[in-house]
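Structure below is protein-v8.csv: CSV, C-alpha atoms.
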```
chain,number,residue,atom,x,y,z
A,736,MET,CA,94.0,76.3,34.5
A,737,GLY,CA,90.6,77.2,35.9
A,738,TYR,CA,89.7,78.7,39.2
A,739,VAL,CA,87.0,78.4,41.8
A,740,THR,CA,86.1,80.6,44.8
A,741,SER,CA,87.9,79.8,48.0
A,742,LEU,CA,84.5,79.7,49.7
A,743,PHE,CA,84.1,76.1,48.3
A,744,ALA,CA,87.3,74.9,49.9
A,745,ARG,CA,86.4,76.6,53.2
A,746,LYS,CA,83.1,74.9,53.3
A,747,VAL,CA,84.4,71.4,52.5
A,748,VAL,CA,87.1,71.6,55.2
A,749,ALA,CA,84.5,72.8,57.7
A,750,ALA,CA,82.1,69.9,56.7
A,751,ALA,CA,85.0,67.4,57.1
A,752,GLY,CA,85.2,68.2,60.8
A,753,ASP,CA,87.8,67.1,63.3
A,754,GLY,CA,89.0,64.1,61.2
A,755,ILE,CA,91.4,66.4,59.3
A,756,ASP,CA,93.8,69.2,60.0
A,757,ALA,CA,91.9,72.2,58.6
A,758,ALA,CA,95.0,74.5,58.5
A,759,GLU,CA,97.0,71.8,56.6
A,760,MET,CA,94.2,71.2,54.1
A,761,LEU,CA,93.6,74.9,53.4
A,762,SER,CA,97.3,75.6,53.0
A,763,LEU,CA,97.3,73.2,50.0
A,764,VAL,CA,95.2,75.7,48.1
A,765,GLY,CA,96.9,78.8,49.4
A,766,ILE,CA,94.4,79.8,52.1
A,767,ASP,CA,95.5,80.9,55.6
A,768,VAL,CA,93.0,79.4,58.0
A,769,ASP,CA,93.3,82.3,60.4
A,770,ARG,CA,92.5,85.0,57.8
A,771,PRO,CA,88.8,86.2,57.3
A,772,TRP,CA,86.8,84.3,54.7
A,773,ASN,CA,87.0,86.1,51.3
A,774,PRO,CA,84.8,84.4,48.7
A,775,LYS,CA,86.4,86.6,46.0
A,776,GLN,CA,89.7,85.0,46.6
A,777,MET,CA,90.1,82.5,43.8
A,778,ILE,CA,92.0,79.2,44.0
A,779,PRO,CA,93.2,76.9,41.2
A,780,ALA,CA,90.6,74.2,40.5
A,781,GLU,CA,93.2,71.4,40.2
A,782,ARG,CA,94.6,72.3,43.7
A,783,TYR,CA,91.1,72.2,45.0
A,784,TYR,CA,90.6,68.7,43.6
A,785,ASP,CA,94.0,67.7,45.1
A,786,MET,CA,92.7,68.9,48.5
A,787,LEU,CA,89.5,66.9,48.2
A,788,GLU,CA,91.5,63.8,47.4
A,789,ARG,CA,93.8,64.4,50.3
A,790,ILE,CA,90.7,64.6,52.6
A,791,ALA,CA,89.5,61.3,51.0
A,792,ASP,CA,92.7,59.7,52.1
A,793,GLN,CA,92.0,60.5,55.7
A,794,ILE,CA,88.3,60.2,56.2
A,795,ASP,CA,85.2,58.5,54.7
A,796,VAL,CA,83.9,61.0,52.2
A,797,THR,CA,80.8,59.1,51.1
A,798,ASP,CA,78.4,61.8,52.4
A,799,LEU,CA,80.9,64.7,52.6
A,800,PRO,CA,79.6,66.4,49.4
A,801,VAL,CA,76.0,66.3,50.8
A,802,ARG,CA,77.1,67.8,54.1
A,803,THR,CA,79.1,70.4,52.3
A,804,GLY,CA,76.2,71.4,50.0
A,805,ALA,CA,73.8,71.5,53.0
A,806,SER,CA,76.0,74.0,54.7
A,807,MET,CA,76.0,76.5,51.9
A,808,ARG,CA,74.2,79.8,52.6
A,809,LEU,CA,73.0,82.4,50.1
A,810,ASP,CA,74.4,85.2,52.3
A,811,GLU,CA,77.9,83.9,51.6
A,812,TYR,CA,77.5,84.4,47.9
A,813,GLY,CA,77.6,88.1,48.0
A,814,ALA,CA,75.6,90.0,45.4
A,815,LEU,CA,74.8,86.8,43.5
A,816,GLY,CA,73.2,85.3,46.6
A,817,LEU,CA,71.1,88.4,47.1
A,818,ALA,CA,70.1,88.4,43.4
A,819,PHE,CA,69.1,84.7,43.8
A,820,LYS,CA,66.9,85.7,46.8
A,821,ALA,CA,65.4,88.7,45.1
A,822,ALA,CA,64.2,86.9,41.9
A,823,LYS,CA,60.5,86.6,41.7
A,824,THR,CA,60.4,82.8,41.2
A,825,LEU,CA,62.7,79.9,41.8
A,826,GLY,CA,63.1,79.4,38.1
A,827,ALA,CA,64.3,83.0,37.8
A,828,SER,CA,66.7,82.4,40.6
A,829,PHE,CA,68.3,79.6,38.7
A,830,ALA,CA,68.4,81.6,35.5
A,831,ARG,CA,70.7,84.0,37.4
A,832,VAL,CA,73.0,81.2,38.4
A,833,GLU,CA,73.1,80.2,34.8
A,834,ARG,CA,74.1,83.7,33.8
A,835,TYR,CA,76.4,84.8,36.6
A,836,ALA,CA,78.1,81.6,37.9
A,837,ARG,CA,81.3,82.9,36.1
A,838,LEU,CA,81.7,85.2,39.1
A,839,TRP,CA,82.4,82.1,41.3
A,840,THR,CA,84.1,79.7,39.0
A,841,SER,CA,85.8,79.5,35.6
A,842,VAL,CA,85.6,75.6,35.4
A,843,ALA,CA,81.9,75.1,35.5
A,844,GLU,CA,78.9,76.3,33.5
A,845,TYR,CA,75.2,75.9,34.1
A,846,GLU,CA,72.3,75.3,31.7
A,847,LEU,CA,68.6,75.3,32.1
A,848,ARG,CA,67.1,72.8,29.6
A,849,PRO,CA,63.4,71.9,29.2
A,850,ALA,CA,62.7,68.3,30.1
A,851,THR,CA,59.6,66.1,30.4
A,852,GLY,CA,57.4,67.7,33.0
A,853,GLY,CA,59.9,70.2,34.1
A,854,THR,CA,63.5,71.6,33.6
A,855,LEU,CA,67.0,70.2,34.0
A,856,PHE,CA,69.4,72.4,35.9
A,857,ILE,CA,72.6,71.1,34.3
A,858,LEU,CA,76.2,71.3,35.6
A,859,HIS,CA,78.8,71.3,32.8
A,860,ARG,CA,82.4,70.7,33.9
A,861,ALA,CA,85.1,69.6,31.4
A,862,GLY,CA,88.2,67.7,32.3
A,863,GLU,CA,89.3,64.4,33.7
A,864,ARG,CA,86.7,63.0,36.1
A,865,ARG,CA,89.1,62.4,38.9
A,866,LEU,CA,87.9,61.8,42.4
A,867,GLY,CA,88.3,65.4,43.4
A,868,MET,CA,86.1,66.6,40.5
A,869,ARG,CA,83.5,63.9,41.3
A,870,LEU,CA,83.2,65.0,44.9
A,871,SER,CA,83.1,68.6,43.8
A,872,ASN,CA,80.2,67.9,41.3
A,873,GLU,CA,78.2,66.1,44.0
A,874,ALA,CA,78.7,69.0,46.4
A,875,THR,CA,77.7,71.5,43.7
A,876,LEU,CA,74.4,69.7,43.0
A,877,ALA,CA,73.7,69.5,46.8
A,878,SER,CA,74.4,73.2,47.0
A,879,ALA,CA,71.9,74.0,44.3
A,880,VAL,CA,69.1,72.3,46.3
A,881,SER,CA,70.3,73.9,49.5
A,882,ILE,CA,70.0,77.5,48.2
A,883,ALA,CA,66.6,76.7,46.5
A,884,ARG,CA,65.2,75.6,49.9
A,885,GLN,CA,66.4,78.9,51.4
A,886,VAL,CA,64.1,81.0,49.1
A,887,CYS,CA,61.1,78.8,48.6
A,888,PRO,CA,58.1,79.1,51.0
A,889,VAL,CA,57.4,75.4,50.8
A,890,PRO,CA,59.8,72.4,51.0
A,891,VAL,CA,61.7,71.8,47.8
A,892,ALA,CA,62.4,68.3,46.5
A,893,PRO,CA,63.6,67.7,42.9
A,894,VAL,CA,62.0,65.1,40.7
A,895,GLU,CA,65.3,63.3,40.2
A,896,VAL,CA,69.0,64.0,40.6
A,897,LEU,CA,71.4,62.8,37.8
A,898,VAL,CA,75.1,62.2,38.4
A,899,ARG,CA,77.5,61.1,35.6
A,900,HIS,CA,80.0,59.1,37.6
A,901,ARG,CA,79.5,55.8,39.3
A,902,ALA,CA,77.8,55.6,42.7
A,903,PRO,CA,79.7,55.7,46.0
A,904,ARG,CA,79.4,52.6,48.2
A,905,SER,CA,76.1,54.0,49.7
A,906,ILE,CA,73.7,56.6,48.3
A,907,ALA,CA,71.4,56.7,51.3
A,908,ALA,CA,72.6,60.1,52.5
A,909,HIS,CA,72.3,61.5,49.0
A,910,GLU,CA,68.7,60.4,48.6
A,911,GLU,CA,67.7,61.4,52.1
A,912,TRP,CA,69.1,64.9,51.5
A,913,PHE,CA,67.7,65.5,48.0
A,914,GLY,CA,64.4,63.8,48.9
A,915,CYS,CA,64.2,62.1,45.6
A,916,PRO,CA,65.8,59.3,43.6
A,917,VAL,CA,69.5,59.9,42.8
A,918,ARG,CA,70.7,58.2,39.6
A,919,PHE,CA,74.4,57.7,39.2
A,920,GLY,CA,75.9,56.6,35.9
A,921,ALA,CA,73.7,59.1,34.0
A,922,GLU,CA,74.5,61.0,30.9
A,923,LEU,CA,74.5,64.4,32.7
A,924,ASP,CA,75.1,66.0,36.1
A,925,ALA,CA,71.8,67.7,36.6
A,926,ILE,CA,68.8,68.3,38.9
A,927,HIS,CA,65.4,67.7,37.4
A,928,TYR,CA,62.8,70.2,38.8
A,929,ALA,CA,59.1,70.1,38.1
A,930,ASP,CA,57.5,73.0,36.4
A,931,GLU,CA,55.4,73.9,39.4
A,932,THR,CA,58.4,73.9,41.7
A,933,LEU,CA,60.3,76.5,39.5
A,934,ALA,CA,57.1,78.6,39.1
A,935,ARG,CA,56.7,79.1,42.8
A,936,PRO,CA,57.2,82.7,44.0
A,937,ASN,CA,60.2,83.3,46.2
A,938,ILE,CA,59.8,84.4,49.8
A,939,ILE,CA,61.2,87.9,49.3
A,940,GLY,CA,61.2,88.3,45.5
A,941,ASP,CA,61.4,92.0,44.6
A,942,GLU,CA,61.6,93.4,41.1
A,943,GLY,CA,63.2,96.7,42.1
A,944,ILE,CA,65.9,95.1,44.1
A,945,SER,CA,66.4,92.5,41.3
A,946,ARG,CA,67.1,95.2,38.7
A,947,TYR,CA,69.6,96.9,41.0
A,948,LEU,CA,71.5,93.7,41.7
A,949,THR,CA,71.5,92.3,38.2
A,950,ALA,CA,72.9,95.7,37.0
A,951,HIS,CA,75.7,95.3,39.6
A,952,LEU,CA,76.3,91.7,38.5
A,953,ASP,CA,76.4,92.6,34.9
A,954,THR,CA,79.2,95.1,35.7
A,955,GLU,CA,81.2,92.5,37.6
A,956,LEU,CA,80.7,90.0,34.9
A,957,SER,CA,82.0,92.4,32.2
A,958,GLU,CA,85.0,93.1,34.3
A,959,ILE,CA,86.1,89.5,34.7
A,960,THR,CA,85.3,88.4,31.2
A,961,ARG,CA,87.4,91.2,29.7
A,962,GLU,CA,90.9,89.9,29.9
A,963,PRO,CA,93.5,92.4,31.3
A,964,ALA,CA,95.9,93.8,28.7
A,965,LEU,CA,98.9,92.4,30.4
A,966,VAL,CA,97.4,88.9,30.3
A,967,THR,CA,96.5,89.2,26.7
A,968,GLN,CA,100.0,90.4,25.7
A,969,ALA,CA,101.6,87.7,27.8
A,970,LYS,CA,99.5,84.9,26.3
A,971,ALA,CA,100.5,86.2,22.8
A,972,SER,CA,104.2,86.1,23.7
A,973,ILE,CA,103.9,82.6,25.2
A,974,ALA,CA,102.1,81.3,22.1
A,975,GLN,CA,104.8,82.6,19.9
A,976,ALA,CA,107.5,81.0,22.0
A,977,LEU,CA,105.9,77.6,22.5
A,978,ASN,CA,107.3,76.0,19.3
A,979,GLU,CA,110.7,76.3,21.0
A,980,GLY,CA,109.5,74.4,24.1
A,981,SER,CA,108.3,75.6,27.4
A,982,PRO,CA,109.0,79.4,27.6
A,983,LYS,CA,110.7,80.9,30.6
A,984,MET,CA,109.0,83.5,32.7
A,985,ALA,CA,112.1,85.8,32.7
A,986,ASP,CA,112.1,85.7,28.8
A,987,ILE,CA,108.4,86.5,28.5
A,988,ALA,CA,108.7,89.3,31.2
A,989,ARG,CA,111.7,90.8,29.3
A,990,GLY,CA,109.7,90.9,26.1
A,991,LEU,CA,107.0,92.8,27.9
A,992,GLY,CA,109.5,95.3,29.4
A,993,LEU,CA,109.2,94.0,32.9
A,994,SER,CA,111.4,92.3,35.4
A,995,ALA,CA,110.5,88.7,36.3
A,996,ARG,CA,109.6,89.9,39.8
A,997,SER,CA,107.2,92.6,38.6
A,998,PHE,CA,105.7,90.3,36.0
A,999,HIS,CA,105.0,87.7,38.7
A,1000,ARG,CA,103.5,90.3,41.0
A,1001,ARG,CA,101.2,91.7,38.3
A,1002,LEU,CA,100.0,88.2,37.3
A,1003,SER,CA,99.2,87.5,41.0
A,1004,GLU,CA,97.0,90.6,41.1
A,1005,HIS,CA,94.9,88.9,38.5
A,1006,GLY,CA,94.8,85.6,40.4
A,1007,MET,CA,97.2,84.0,38.1
A,1008,ASN,CA,100.7,82.6,38.0
A,1009,PHE,CA,103.1,82.0,35.0
A,1010,GLN,CA,102.7,78.2,35.0
A,1011,ALA,CA,98.9,78.4,34.9
A,1012,LEU,CA,99.0,81.1,32.2
A,1013,THR,CA,101.3,79.0,30.1
A,1014,GLU,CA,99.0,75.9,30.5
A,1015,GLN,CA,95.9,78.0,29.6
A,1016,THR,CA,97.7,79.4,26.5
A,1017,ARG,CA,98.7,75.9,25.4
A,1018,ARG,CA,95.1,74.7,25.8
A,1019,ASP,CA,93.5,77.7,24.0
A,1020,LEU,CA,96.1,77.4,21.2
A,1021,ALA,CA,95.5,73.7,20.8
A,1022,GLU,CA,91.8,74.0,20.7
A,1023,GLY,CA,92.1,76.7,18.0
A,1024,LEU,CA,94.6,74.7,15.9
A,1025,LEU,CA,92.5,71.6,16.0
A,1026,GLN,CA,89.8,73.3,14.1
A,1027,ASP,CA,92.2,73.7,11.2
A,1028,GLU,CA,91.9,70.3,9.4
A,1029,SER,CA,95.1,71.0,7.4
A,1030,ARG,CA,97.3,70.7,10.5
A,1031,SER,CA,98.3,67.3,11.7
A,1032,LEU,CA,98.2,66.3,15.3
A,1033,ALA,CA,102.0,66.0,15.3
A,1034,GLU,CA,102.3,69.6,14.0
A,1035,ILE,CA,99.9,70.9,16.6
A,1036,ALA,CA,101.8,69.1,19.4
A,1037,PHE,CA,105.0,70.9,18.2
A,1038,LEU,CA,103.3,74.3,17.9
A,1039,THR,CA,102.0,74.0,21.5
A,1040,GLY,CA,105.4,73.2,23.0
A,1041,PHE,CA,105.3,69.4,23.2
A,1042,SER,CA,108.3,67.3,22.1
A,1043,GLU,CA,106.1,64.2,21.5
A,1044,GLN,CA,102.6,63.8,20.2
A,1045,SER,CA,101.8,61.3,23.0
A,1046,ALA,CA,102.6,63.9,25.7
A,1047,PHE,CA,100.3,66.4,23.9
A,1048,THR,CA,97.5,63.8,23.8
A,1049,ARG,CA,97.8,63.1,27.5
A,1050,ALA,CA,97.8,66.8,28.4
A,1051,PHE,CA,94.9,67.6,26.1
A,1052,LYS,CA,92.8,64.8,27.6
A,1053,ARG,CA,93.6,66.2,31.0
A,1054,TRP,CA,92.4,69.6,29.9
A,1055,VAL,CA,89.3,68.8,28.0
A,1056,GLY,CA,88.4,65.2,28.9
A,1057,VAL,CA,88.8,63.8,25.4
A,1058,THR,CA,91.7,63.1,23.0
A,1059,PRO,CA,92.7,65.7,20.4
A,1060,ALA,CA,91.4,63.4,17.6
A,1061,THR,CA,88.0,63.0,19.3
A,1062,TYR,CA,87.8,66.8,20.0
A,1063,ARG,CA,88.5,67.5,16.3
A,1064,LYS,CA,85.7,65.1,15.2
A,1065,GLU,CA,83.2,66.6,17.7
A,1066,MET,CA,84.0,70.1,16.5
A,1067,ALA,CA,83.5,69.0,12.9
A,1068,HIS,CA,80.0,67.8,13.6
A,1069,ARG,CA,78.8,70.9,15.4
```

Would it be possible to restate this file's structure as C-alpha cells?
Amino acid sequence: MGYVTSLFARKVVAAAGDGIDAAEMLSLVGIDVDRPWNPKQMIPAERYYDMLERIADQIDVTDLPVRTGASMRLDEYGALGLAFKAAKTLGASFARVERYARLWTSVAEYELRPATGGTLFILHRAGERRLGMRLSNEATLASAVSIARQVCPVPVAPVEVLVRHRAPRSIAAHEEWFGCPVRFGAELDAIHYADETLARPNIIGDEGISRYLTAHLDTELSEITREPALVTQAKASIAQALNEGSPKMADIARGLGLSARSFHRRLSEHGMNFQALTEQTRRDLAEGLLQDESRSLAEIAFLTGFSEQSAFTRAFKRWVGVTPATYRKEMAHR
C-alpha cells in the first residue's frame, strides 16, 4: 500500500468548504482536525481515495481538483518548496519535483520528457483508475501549475494539459484555471510547457541556497528510501509464510522476537501497519515471481497467499492496473 502526505487531504477538505463535515472526512484517513497541520504525516493512498469518493457523494466535485490545486502554496512543502523556489529557472524547479517527490508520496512519480516545442511534465501513478485517483490526478496537475505561478515573474500558462481519464461533465473551470486547452482521454497525465516558459529565471533563484537545500533533500531522500531493518525482516518473514495463507501478525512478531503490541507500535513509527505491509509484500513478491517465466500464474497465486488464481488476478490488477498475464508480457518486452 502506498502513502501520500496528509497535506493533500487537508487541502482537499478545505477546498470542499461547508458542504462536508471536515472532521468526519479527515477522520477517515486518520487525521485529527484539531491538531496542527503536519505535512510529514503520511496517510494510506487508498484511504485518501476513499475520502475523495465520500466527498463526491456529498457535493459536486467537478471543479474541486482545480480549487484544491489553486490553494497549494510552496511554503507548505517544507524544504522541497524552498528548493523549488531557489532553483534558477522553472525547468530546474520541476527537475527537483521529478527527483524529490518521493518525500511527499510513494504512489506517484514524475518525469520530464522532451516534446515538440517544449517539455512534458508527466505524472505516473499506477493502480485502478477509480474516481478517487482521477480526482487526485487532476488536483496534482493543477497544483503543478499553481506552484509554477508562484516562482515565475510573468504569468504562466501551459501549452496544453493532458488527462488520461474521461472528462467530467464540464471542463470550463479546468480550462479557465490552466489558461490553455485541457485534453481528456489522452495517453498521459501531463502538462506541456513551452521551452521559453521553462527557461525563464525564477523570482528568487539562488545557487548557494539551492546547493544547501538539495543537500538536505538528498539526505532526507536517502533516509526514506533505505528500508528500516525491522521492515525488511518482517517482509521476509511474511513472504516465507504466504504459501500457507495470510500470515497472522502475532506469528510474524513472535518470529522477530517481539510481542504483537510492540511489533504494531514499531511499524506505526514507520508509518505502516501489518495489513499494509502484508499487501506490499504480496505485491513485491508477485512482481518478482512474474519475471520468472518458468512459474505458472497458478503457482504464483499460491506462493503469494491466494487460494484461487482469480483472486490473485483481481488483487494484482488493483495494485498495478493490469492483469498478471499482461504485466508479464510487458516486462518481457522491456

**Q.** Non-local contacts of Ser1042 (chain A) (12 Å; all atoms listed in the file; under 6 positions in same chain excluded) as a ChimeraX atom specification
**A.** /A:977-981,1033-1036,1048

Q: Do a neighbour search on Ala791 (chain A) at 10 Å with only C-alpha atoms, toss out local chain neighbours closer than 4 positions, and write the hits as JSON, numbers by chain.
A: {"A": [751, 755, 785, 786, 787, 795, 796, 797, 799, 866, 867, 870]}

**Q.** Selected residue, from A:Thr803, A:Thr949, A:Gln776, A:Ser762, that lies nearest to Thr840 (chain A) when counting all atoms listed in the file
**A.** A:Gln776

Q) Skipping near chain neighbours, those fewer than 3 positions away, what residues fall within 10 Å of region 1018-1029 of chain A using all atoms listed in the file, listed as a list in words? A) Met736, Lys970, Ala971, Ala974, Leu977, Leu1012, Thr1013, Glu1014, Gln1015, Leu1032, Glu1034, Ile1035, Ala1036, Leu1038, Thr1039, Phe1047, Ala1050, Phe1051, Trp1054, Val1055, Pro1059, Ala1060, Tyr1062, Arg1063, Lys1064, Met1066 and Ala1067 of chain A

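Among the candidates A:Arg1030, A:Gly1056, A:Ser945, A:Leu965, the residue lying nearest to Arg1000 (chain A) is A:Leu965 (atoms considered: only C-alpha atoms).
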
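Candidate residues A:Leu761, A:Ala877, A:Ala850, A:Ile778 were compared for distance to Met807 (chain A), and the nearest is A:Ala877, using all atoms listed in the file.
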
Q | Long-range neighbours of region 810-817 of chain A as a list in words, 10 Å cut-off, all atoms listed in the file, 3 positions minimum in chain | A | Thr740, Leu742, Trp772, Asn773, Pro774, Lys775, Met807, Lys820, Ala821, Ala822, Ser828, Arg831, Val832, Tyr835, Ala836, Leu838, Trp839, Ile882, Ile944, Ser945, Leu948, Thr949, His951, Leu952 and Glu955 of chain A

Q: For CA of Ser997 (chain A) and CA of Asp769 (chain A), quote the distance in Å rounded to one decimal.
A: 27.8 Å
